[in-house]
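Enquirer: Next comes my_file-v6.tsv, TSV, C-alpha atoms and all ligand atoms:
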chain	number	residue	atom	x	y	z
S	1	MET	CA	96.45	113.13	118.18
S	2	LEU	CA	97.74	114.93	115.12
S	3	ASN	CA	94.89	115.80	112.79
S	4	VAL	CA	95.56	116.96	109.25
S	5	LYS	CA	92.37	117.96	107.48
S	6	ASP	CA	92.09	119.12	103.88
S	7	LEU	CA	95.63	120.47	103.99
S	8	LYS	CA	96.31	122.28	100.73
S	9	LYS	CA	99.51	123.78	99.36
S	10	ASN	CA	100.04	124.84	95.76
S	11	TYR	CA	103.31	125.25	93.94
S	12	PRO	CA	103.61	125.77	90.18
S	13	GLY	CA	102.67	122.41	88.67
S	14	PHE	CA	101.99	120.81	92.07
S	15	LYS	CA	98.88	120.68	94.27
S	16	LEU	CA	98.94	119.11	97.72
S	17	ASP	CA	95.58	118.04	99.17
S	18	VAL	CA	95.69	115.56	102.05
S	19	SER	CA	93.75	114.52	105.15
S	20	PHE	CA	94.98	112.01	107.71
S	21	GLN	CA	95.52	111.45	111.41
S	22	VAL	CA	98.34	110.23	113.56
S	23	PRO	CA	96.59	108.78	116.62
S	24	GLU	CA	98.22	108.88	120.04
S	25	GLY	CA	100.59	105.94	120.47
S	26	SER	CA	100.97	105.19	116.77
S	27	VAL	CA	103.68	105.36	114.14
S	28	VAL	CA	102.59	106.44	110.68
S	29	GLY	CA	104.93	106.21	107.69
S	30	LEU	CA	104.45	108.55	104.74
S	31	ILE	CA	105.93	107.06	101.59
S	32	GLY	CA	106.06	108.01	97.93
S	33	ARG	CA	108.32	108.86	95.03
S	34	ASN	CA	110.63	111.87	94.83
S	35	GLY	CA	108.53	115.01	94.48
S	36	ALA	CA	105.30	113.34	95.63
S	37	GLY	CA	104.77	115.88	98.42
S	38	LYS	CA	106.08	114.21	101.59
S	39	SER	CA	108.33	117.06	102.75
S	40	THR	CA	105.64	119.61	101.93
S	41	VAL	CA	103.25	117.81	104.30
S	42	LEU	CA	105.83	117.73	107.09
S	43	LYS	CA	106.90	121.34	106.57
S	44	ALA	CA	103.27	122.46	106.81
S	45	ILE	CA	102.93	120.53	110.09
S	46	GLY	CA	106.10	122.16	111.37
S	47	ASN	CA	104.95	125.62	110.25
S	48	LEU	CA	108.02	125.94	108.04
S	49	ILE	CA	105.73	126.86	105.15
S	50	GLU	CA	102.43	128.68	105.07
S	51	ARG	CA	99.55	126.39	104.12
S	52	ASP	CA	97.07	127.61	101.53
S	53	ALA	CA	94.08	125.96	103.21
S	54	GLY	CA	93.07	123.30	105.70
S	55	GLU	CA	93.74	122.45	109.32
S	56	VAL	CA	96.68	120.97	111.14
S	57	SER	CA	95.98	120.46	114.83
S	58	PHE	CA	97.55	118.60	117.72
S	59	ASP	CA	95.30	117.48	120.57
S	60	GLY	CA	92.68	119.92	119.30
S	61	THR	CA	94.88	123.04	118.96
S	62	ASP	CA	95.91	124.41	115.58
S	63	VAL	CA	99.70	124.11	115.29
S	64	LYS	CA	99.89	127.80	114.41
S	65	LYS	CA	98.32	128.66	117.76
S	66	LEU	CA	100.35	126.36	120.00
S	67	SER	CA	101.79	127.89	123.17
S	68	THR	CA	105.53	127.59	123.85
S	69	ASP	CA	104.73	124.46	125.88
S	70	GLY	CA	102.57	123.16	123.03
S	71	LYS	CA	105.35	123.63	120.49
S	72	GLU	CA	107.68	121.68	122.75
S	73	GLN	CA	105.44	118.65	122.30
S	74	PHE	CA	106.87	118.29	118.78
S	75	GLY	CA	110.29	116.87	118.00
S	76	TYR	CA	111.43	117.47	114.43
S	77	VAL	CA	114.05	116.07	112.11
S	78	PHE	CA	114.32	117.88	108.79
S	79	PRO	CA	117.01	117.42	106.13
S	80	ASP	CA	118.35	120.93	106.75
S	81	SER	CA	120.14	121.26	110.05
S	82	THR	CA	118.20	123.03	112.76
S	83	VAL	CA	121.32	124.34	114.52
S	84	PRO	CA	123.85	126.85	113.16
S	85	GLU	CA	126.58	124.97	111.32
S	86	LYS	CA	129.38	126.48	113.40
S	87	PHE	CA	127.83	125.07	116.57
S	88	THR	CA	129.27	122.00	118.25
S	89	ALA	CA	127.09	119.48	120.07
S	90	LEU	CA	128.05	121.22	123.32
S	91	ASP	CA	126.94	124.61	121.93
S	92	THR	CA	123.73	122.88	120.92
S	93	VAL	CA	123.16	121.78	124.51
S	94	LYS	CA	123.29	125.42	125.64
S	95	LEU	CA	120.85	126.38	122.88
S	96	LEU	CA	118.44	123.57	123.77
S	97	LYS	CA	118.58	124.47	127.47
S	98	SER	CA	117.47	128.00	126.69
S	99	THR	CA	114.86	126.88	124.13
S	100	PHE	CA	113.09	123.96	125.78
S	101	LYS	CA	111.68	123.90	129.30
S	102	HIS	CA	111.76	120.10	129.31
S	103	PHE	CA	115.19	119.61	127.77
S	104	SER	CA	117.18	116.89	129.56
S	105	GLU	CA	120.91	117.56	129.41
S	106	SER	CA	121.70	114.23	131.05
S	107	GLN	CA	119.67	112.34	128.44
S	108	PHE	CA	121.43	114.28	125.68
S	109	MET	CA	124.85	113.41	127.11
S	110	ASP	CA	123.88	109.75	127.63
S	111	LEU	CA	122.66	109.38	124.05
S	112	ALA	CA	125.67	111.25	122.65
S	113	ALA	CA	128.00	108.91	124.56
S	114	LYS	CA	126.03	105.82	123.53
S	115	LEU	CA	126.23	106.82	119.85
S	116	LYS	CA	129.84	108.09	120.11
S	117	LEU	CA	128.85	111.54	118.86
S	118	PRO	CA	131.80	113.97	118.95
S	119	LEU	CA	130.85	116.83	121.27
S	120	ASP	CA	133.43	119.40	120.22
S	121	LYS	CA	133.23	119.32	116.42
S	122	ALA	CA	131.30	121.95	114.48
S	123	VAL	CA	128.12	120.60	112.87
S	124	LYS	CA	129.49	121.40	109.39
S	125	ASP	CA	132.49	119.14	110.06
S	126	LEU	CA	130.47	116.17	111.31
S	127	SER	CA	129.97	113.17	109.03
S	128	THR	CA	126.50	112.60	107.57
S	129	GLY	CA	125.97	109.85	110.13
S	130	ASN	CA	126.95	112.05	113.07
S	131	GLN	CA	124.81	114.92	111.81
S	132	ALA	CA	121.86	112.53	111.65
S	133	LYS	CA	122.60	111.32	115.19
S	134	LEU	CA	122.73	114.91	116.46
S	135	LYS	CA	119.45	115.83	114.77
S	136	THR	CA	117.73	112.77	116.20
S	137	ILE	CA	119.11	113.37	119.70
S	138	ILE	CA	117.85	116.97	119.56
S	139	ALA	CA	114.37	115.75	118.62
S	140	LEU	CA	114.36	113.12	121.38
S	141	THR	CA	115.61	115.02	124.41
S	142	HIS	CA	112.89	117.51	125.24
S	143	ASN	CA	110.15	115.02	126.09
S	144	ALA	CA	108.17	115.57	122.86
S	145	LYS	CA	104.82	113.81	122.52
S	146	ILE	CA	105.17	113.41	118.77
S	147	LEU	CA	108.13	113.19	116.43
S	148	VAL	CA	107.85	114.50	112.87
S	149	LEU	CA	110.76	113.02	110.95
S	150	ASP	CA	111.65	113.81	107.35
S	151	GLU	CA	113.93	111.04	106.12
S	152	PRO	CA	115.87	110.67	109.37
S	153	THR	CA	117.89	107.76	107.93
S	154	ALA	CA	118.66	109.16	104.45
S	155	GLY	CA	122.25	108.59	103.37
S	156	LEU	CA	123.19	106.55	106.45
S	157	ASP	CA	125.10	103.29	106.53
S	158	VAL	CA	123.31	100.26	107.86
S	159	VAL	CA	124.90	100.52	111.33
S	160	VAL	CA	123.96	104.16	111.96
S	161	ARG	CA	120.53	103.53	110.47
S	162	GLN	CA	119.95	100.73	112.94
S	163	GLN	CA	121.15	102.94	115.81
S	164	ILE	CA	118.68	105.66	114.82
S	165	ILE	CA	115.82	103.15	114.51
S	166	GLU	CA	116.67	101.78	117.96
S	167	LEU	CA	116.63	105.30	119.43
S	168	LEU	CA	113.18	105.82	117.95
S	169	GLN	CA	112.01	102.48	119.30
S	170	ASP	CA	113.31	103.37	122.79
S	171	TYR	CA	111.51	106.72	122.56
S	172	LEU	CA	108.24	104.91	121.81
S	173	ASP	CA	108.76	102.24	124.46
S	174	ALA	CA	109.26	104.86	127.19
S	175	ASP	CA	105.69	106.19	126.90
S	176	GLU	CA	102.81	104.46	125.13
S	177	THR	CA	101.10	107.77	124.25
S	178	ARG	CA	104.00	108.94	122.08
S	179	SER	CA	103.67	108.90	118.33
S	180	ILE	CA	105.76	109.38	115.20
S	181	LEU	CA	105.07	110.61	111.68
S	182	ILE	CA	108.00	109.59	109.47
S	183	THR	CA	108.89	109.85	105.80
S	184	THR	CA	111.48	107.52	104.35
S	185	HIS	CA	112.56	105.86	101.14
S	186	ILE	CA	113.79	102.88	103.12
S	187	SER	CA	110.86	100.57	103.54
S	188	SER	CA	112.68	98.29	105.99
S	189	ASP	CA	112.60	101.24	108.44
S	190	LEU	CA	108.83	101.19	108.19
S	191	ALA	CA	108.50	97.44	108.44
S	192	SER	CA	110.14	97.59	111.87
S	193	LEU	CA	108.57	100.84	113.16
S	194	ALA	CA	105.33	101.85	111.49
S	195	ASP	CA	101.82	100.73	112.47
S	196	ARG	CA	100.42	102.26	109.33
S	197	VAL	CA	101.70	103.42	105.97
S	198	MET	CA	100.26	106.07	103.68
S	199	LEU	CA	101.29	106.38	100.05
S	200	ILE	CA	101.32	109.88	98.57
S	201	ASP	CA	101.50	110.52	94.86
S	202	ASP	CA	101.28	113.86	93.09
S	203	GLY	CA	100.11	115.56	96.28
S	204	LYS	CA	97.29	113.09	97.07
S	205	LEU	CA	97.12	110.13	99.46
S	206	ILE	CA	96.29	107.19	97.23
S	207	PHE	CA	96.71	104.29	99.68
S	208	LYS	CA	96.58	103.86	103.47
S	209	GLU	CA	96.92	100.57	105.31
S	210	ASP	CA	98.06	98.99	108.57
S	211	THR	CA	101.49	97.39	108.18
S	212	ASP	CA	100.30	94.22	109.96
S	213	LYS	CA	97.53	93.85	107.42
S	214	ILE	CA	99.97	94.27	104.51
S	215	VAL	CA	102.11	91.47	105.93
S	216	ASP	CA	99.21	89.19	106.91
S	217	SER	CA	96.61	89.66	104.19
S	218	TYR	CA	98.03	91.37	101.11
S	219	ALA	CA	99.31	89.51	98.07
S	220	LEU	CA	100.05	89.94	94.41
S	221	LEU	CA	98.15	87.58	92.12
S	222	LYS	CA	99.79	86.67	88.82
S	223	LEU	CA	96.91	85.93	86.48
S	224	THR	CA	96.71	84.81	82.89
S	225	GLU	CA	94.12	86.66	80.80
S	226	ALA	CA	91.74	83.70	81.14
S	227	GLN	CA	92.23	83.52	84.90
S	228	TYR	CA	91.68	87.27	85.18
S	229	ASP	CA	88.41	87.01	83.23
S	230	ASN	CA	87.11	84.28	85.53
S	231	VAL	CA	88.38	85.32	88.93
S	232	ASP	CA	86.09	86.97	91.49
S	233	LYS	CA	87.31	90.57	91.47
S	234	GLN	CA	85.56	91.82	94.60
S	235	TYR	CA	88.76	91.70	96.70
S	236	LEU	CA	91.11	93.01	94.03
S	237	LEU	CA	92.28	96.53	94.90
S	238	LYS	CA	93.97	97.20	91.59
S	239	ALA	CA	95.10	95.23	88.54
S	240	ASN	CA	97.84	96.09	86.07
S	241	LYS	CA	98.18	94.60	82.60
S	242	THR	CA	101.45	92.71	82.18
S	243	ASP	CA	103.19	90.62	79.51
S	244	PHE	CA	101.71	87.39	80.88
S	245	GLY	CA	98.21	88.70	81.62
S	246	TYR	CA	97.50	90.65	84.81
S	247	SER	CA	99.16	91.39	88.08
S	248	ALA	CA	96.55	92.16	90.74
S	249	LEU	CA	96.81	93.39	94.31
S	250	THR	CA	94.49	91.93	96.92
S	251	ASP	CA	93.99	92.50	100.65
S	252	GLN	CA	92.36	89.04	100.95
S	253	ARG	CA	95.18	86.63	100.20
S	254	SER	CA	93.47	83.62	101.83
S	255	PHE	CA	90.30	84.07	99.75
S	256	TYR	CA	92.26	83.65	96.52
S	257	ALA	CA	94.55	80.96	97.94
S	258	GLU	CA	91.54	78.88	98.98
S	259	ASN	CA	89.32	79.45	95.95
S	260	TYR	CA	91.88	79.65	93.15
S	261	PRO	CA	94.69	77.19	93.95
S	262	GLU	CA	95.89	77.37	90.33
S	263	VAL	CA	96.68	81.10	90.59
S	264	VAL	CA	100.25	82.15	91.42
S	265	ILE	CA	100.15	84.20	94.64
S	266	GLU	CA	103.14	86.19	95.82
S	267	GLN	CA	103.75	87.85	99.18
S	268	THR	CA	103.87	91.69	98.91
S	269	SER	CA	106.20	94.17	100.52
S	270	ILE	CA	105.74	97.91	101.03
S	271	ASP	CA	108.07	98.47	98.05
S	272	ASP	CA	105.90	96.22	95.88
S	273	ILE	CA	102.86	98.27	96.81
S	274	ILE	CA	104.61	101.56	95.93
S	275	LEU	CA	105.71	100.11	92.58
S	276	PHE	CA	102.28	98.66	91.97
S	277	PHE	CA	100.47	101.95	92.51
S	278	VAL	CA	102.96	104.49	91.23
S	279	GLY	CA	105.70	102.48	89.51
S	280	GLY	CA	107.48	103.99	86.57
S	281	ILE	CA	109.55	107.08	86.13
S	282	ASP	CA	109.93	109.78	88.77
S	283	HIS	CA	108.00	113.03	88.62
S	284	GLU	CA	111.14	115.12	88.46
S	301	LIG	N1	109.46	126.14	97.67
S	301	LIG	C1	108.99	125.52	96.58
S	301	LIG	N2	108.72	126.20	95.46
S	301	LIG	C2	108.21	125.58	94.38
S	301	LIG	N3	107.96	124.27	94.30
S	301	LIG	C3	108.23	123.54	95.39
S	301	LIG	C4	108.76	124.12	96.59
S	301	LIG	N4	108.91	123.13	97.50
S	301	LIG	C5	108.51	122.00	96.90
S	301	LIG	N5	108.10	122.23	95.65
S	301	LIG	C6	107.57	121.23	94.71
S	301	LIG	O1	106.54	120.52	95.36
S	301	LIG	C7	106.55	119.15	94.96
S	301	LIG	C8	106.63	118.27	96.20
S	301	LIG	O2	107.92	118.42	96.79
S	301	LIG	P1	108.32	117.66	98.13
S	301	LIG	O3	109.67	118.17	98.51
S	301	LIG	O4	107.22	117.81	99.12
S	301	LIG	O5	108.39	116.15	97.65
S	301	LIG	P2	108.95	114.88	98.44
S	301	LIG	O6	107.92	113.81	98.32
S	301	LIG	O7	109.36	115.26	99.82
S	301	LIG	O8	110.22	114.50	97.57
S	301	LIG	P3	111.63	113.83	97.98
S	301	LIG	O9	111.33	112.39	98.27
S	301	LIG	O10	112.45	113.99	96.73
S	301	LIG	O11	112.16	114.60	99.15
S	301	LIG	C9	107.71	118.99	94.01
S	301	LIG	O12	107.20	119.09	92.70
S	301	LIG	C10	108.59	120.19	94.33
S	301	LIG	O13	109.35	120.59	93.22
Could you write out this file's structure as structure tokens?
Expert:
Amino acid sequence: MLNVKDLKKNYPGFKLDVSFQVPEGSVVGLIGRNGAGKSTVLKAIGNLIERDAGEVSFDGTDVKKLSTDGKEQFGYVFPDSTVPEKFTALDTVKLLKSTFKHFSESQFMDLAAKLKLPLDKAVKDLSTGNQAKLKTIIALTHNAKILVLDEPTAGLDVVVRQQIIELLQDYLDADETRSILITTHISSDLASLADRVMLIDDGKLIFKEDTDKIVDSYALLKLTEAQYDNVDKQYLLKANKTDFGYSALTDQRSFYAENYPEVVIEQTSIDDIILFFVGGIDHE
């Protein structure tokens, strides 16, 4: 299990302070607006930045103290390429062989063939889609126990995006103890992959929920002022004033459907929840 406890990182005008876990066998999606702190969380997990305070541990060991074998349990995708840009995919294979004890060359070649990844082109000359495929294949082919993925599908067309999502699904299906922490702006990626979503805003986690529960039990209530005054508010998570009265988020859709048949109740999506909590202009 990945355990992030009181992780703090300060930049001018920005303070990160988060605690969460990614249990074995689960997929957790970290969502939020531009500049909310998603990449900072993932970089701290990957030791790409020094944290100011807090703990980040995997199966009980601080990530800063992981052995070479322990480090190999992580597979990363970050926006910046992890291999030198002059390298081809074949050069990358040589690098991975010397870096990872558990690297599988045959799996790399199989996935590269399946995704039609050119093997002899320098990384800098690959299309965005092929670069994303290469990064994902690198993360997947050394038998990692957890993937930490920073926007693995950013800028990809719908076909490549689907291919990447399928690779991730195959990775999970091969071993039920594997887990993924993923950031994305594409909520449909999460709907198909994530067991749980966490919403970060201004460096703090302001909402965490199981995706099943969002689909099954969440709803937006559209209430007139009079309805809002009279409705039982114990299952309302948040209400925003609107032109027509109030828009309110509940995690007990059936309670309001049964008791207030006159109230307009709309199904929510992950995007609705982001907009509801942090809607408006971007931080930056
Ligand atoms: N090296 C740095 N120096 C100073 N400020 C930084 C640095 N890295 C990040 N920040 C700031 O920290 C905040 C969080 O940035 P971060 O990249 O984690 O956001 P994000 O949620 O990943 O955004 P996006 O969705 O745009 O990638 C932003 O205000 C950003 O400007």
Enquirer: Kindly compile the residues surrounding ligand LIG 301 (chain S) within 6 Å, counting only C-alpha atoms and all ligand atoms, and format them as a list of chain:residue names.
Expert: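 The residues within 6 Å of ligand LIG 301 (chain S), counting only C-alpha atoms and all ligand atoms, are S:Tyr11, S:Phe14, S:Arg33, S:Asn34, S:Gly35, S:Ala36, S:Gly37, S:Lys38, S:Ser39, S:Thr40.
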Enquirer: Extract, using all atoms listed in the file, all DNA, RNA and protein residues at most 8 Å from His102 in chain S, discarding same-chain residues fewer than 6 positions from it, and format them as a ChimeraX atom specification.
Expert: /S:72,142-143
Enquirer: Between S:Thr88, S:Gln169, S:Ser269, S:Thr177, which has the minimum distance to Asn130 in chain S (counting all atoms listed in the file)?
Expert: S:Thr88
Enquirer: Considering only C-alpha atoms, return as a PyMOL selection string whatever protein or nucleic-acid residues lie within 12 Å of Val123 in chain S, sequence-local ones (same chain, fewer than 6 positions apart) excluded.
Expert: chain S and resi 80-92+117+129-135
Enquirer: For the point (104.7, 92.7, 94.6) in the file's frame, write as an MDAnalysis selection string all residues with an atom no more than 6 Å away, counting only C-alpha atoms.
Expert: chainID S and resid 220 268 272
Enquirer: List as a PyMOL selection string the protein and nucleic acid residues near Thr128 in chain S, meaning an atom at most 10 Å away when all atoms listed in the file are counted, but skip any in the same chain fewer than 6 places from it.
Expert: chain S and resi 134+153-157+160
Enquirer: Between S:Thr224, S:Ser127, S:Ser247, S:Thr184, which one has atoms that come closest to Glu266 in chain S, using only C-alpha atoms?
Expert: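 Ranked by minimum distance to Glu266 in chain S, first place goes to S:Ser247.
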Enquirer: Which residues are near Leu181 in chain S? Cut-off 8 Å, only C-alpha atoms, ignore same chain within fewer than 6 positions. Put them as a list in words.
Expert: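 Final neighbour list, sorted by chain and number: Val22, Val27, Val28, Gly29, Leu30, Ile146, Leu147, Val148 and Leu149 of chain S.
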Enquirer: What is the CA of Val93 in chain S-CA of Ile182 in chain S distance in Å, reported with one decimal?
Expert: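 A separation of 24.6 Å between them.
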Enquirer: Report, as AutoDock Vina command-line options, the centre and edge lengths in Å (one decimal) of the axis-aligned box enclosing every listed atom of range 186-198 of chain S, padded by 3 Å on each side.
Expert:
--center_x 107.0 --center_y 101.8 --center_z 108.1 --size_x 19.5 --size_y 14.6 --size_z 16.0
Enquirer: I want to know what sits within 6 Å of range 203-215 of chain S, based on only C-alpha atoms, with residues of the same chain fewer than 3 positions away left out; could you give that as a list in words?
Expert: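 Listed by chain and then number, they are Lys15, Leu16, Asp17, Val18, Ala36, Gly37, Asp195, Arg196, Val197, Met198, Leu199, Ile200 and Tyr218 of chain S.
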Enquirer: Rounded to one decimal, what separation in Å do you get between CA of Gln227 in chain S and CA of Ala248 in chain S?
Expert: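 Straight-line distance from CA of Gln227 in chain S to CA of Ala248 in chain S works out to 11.3 Å.
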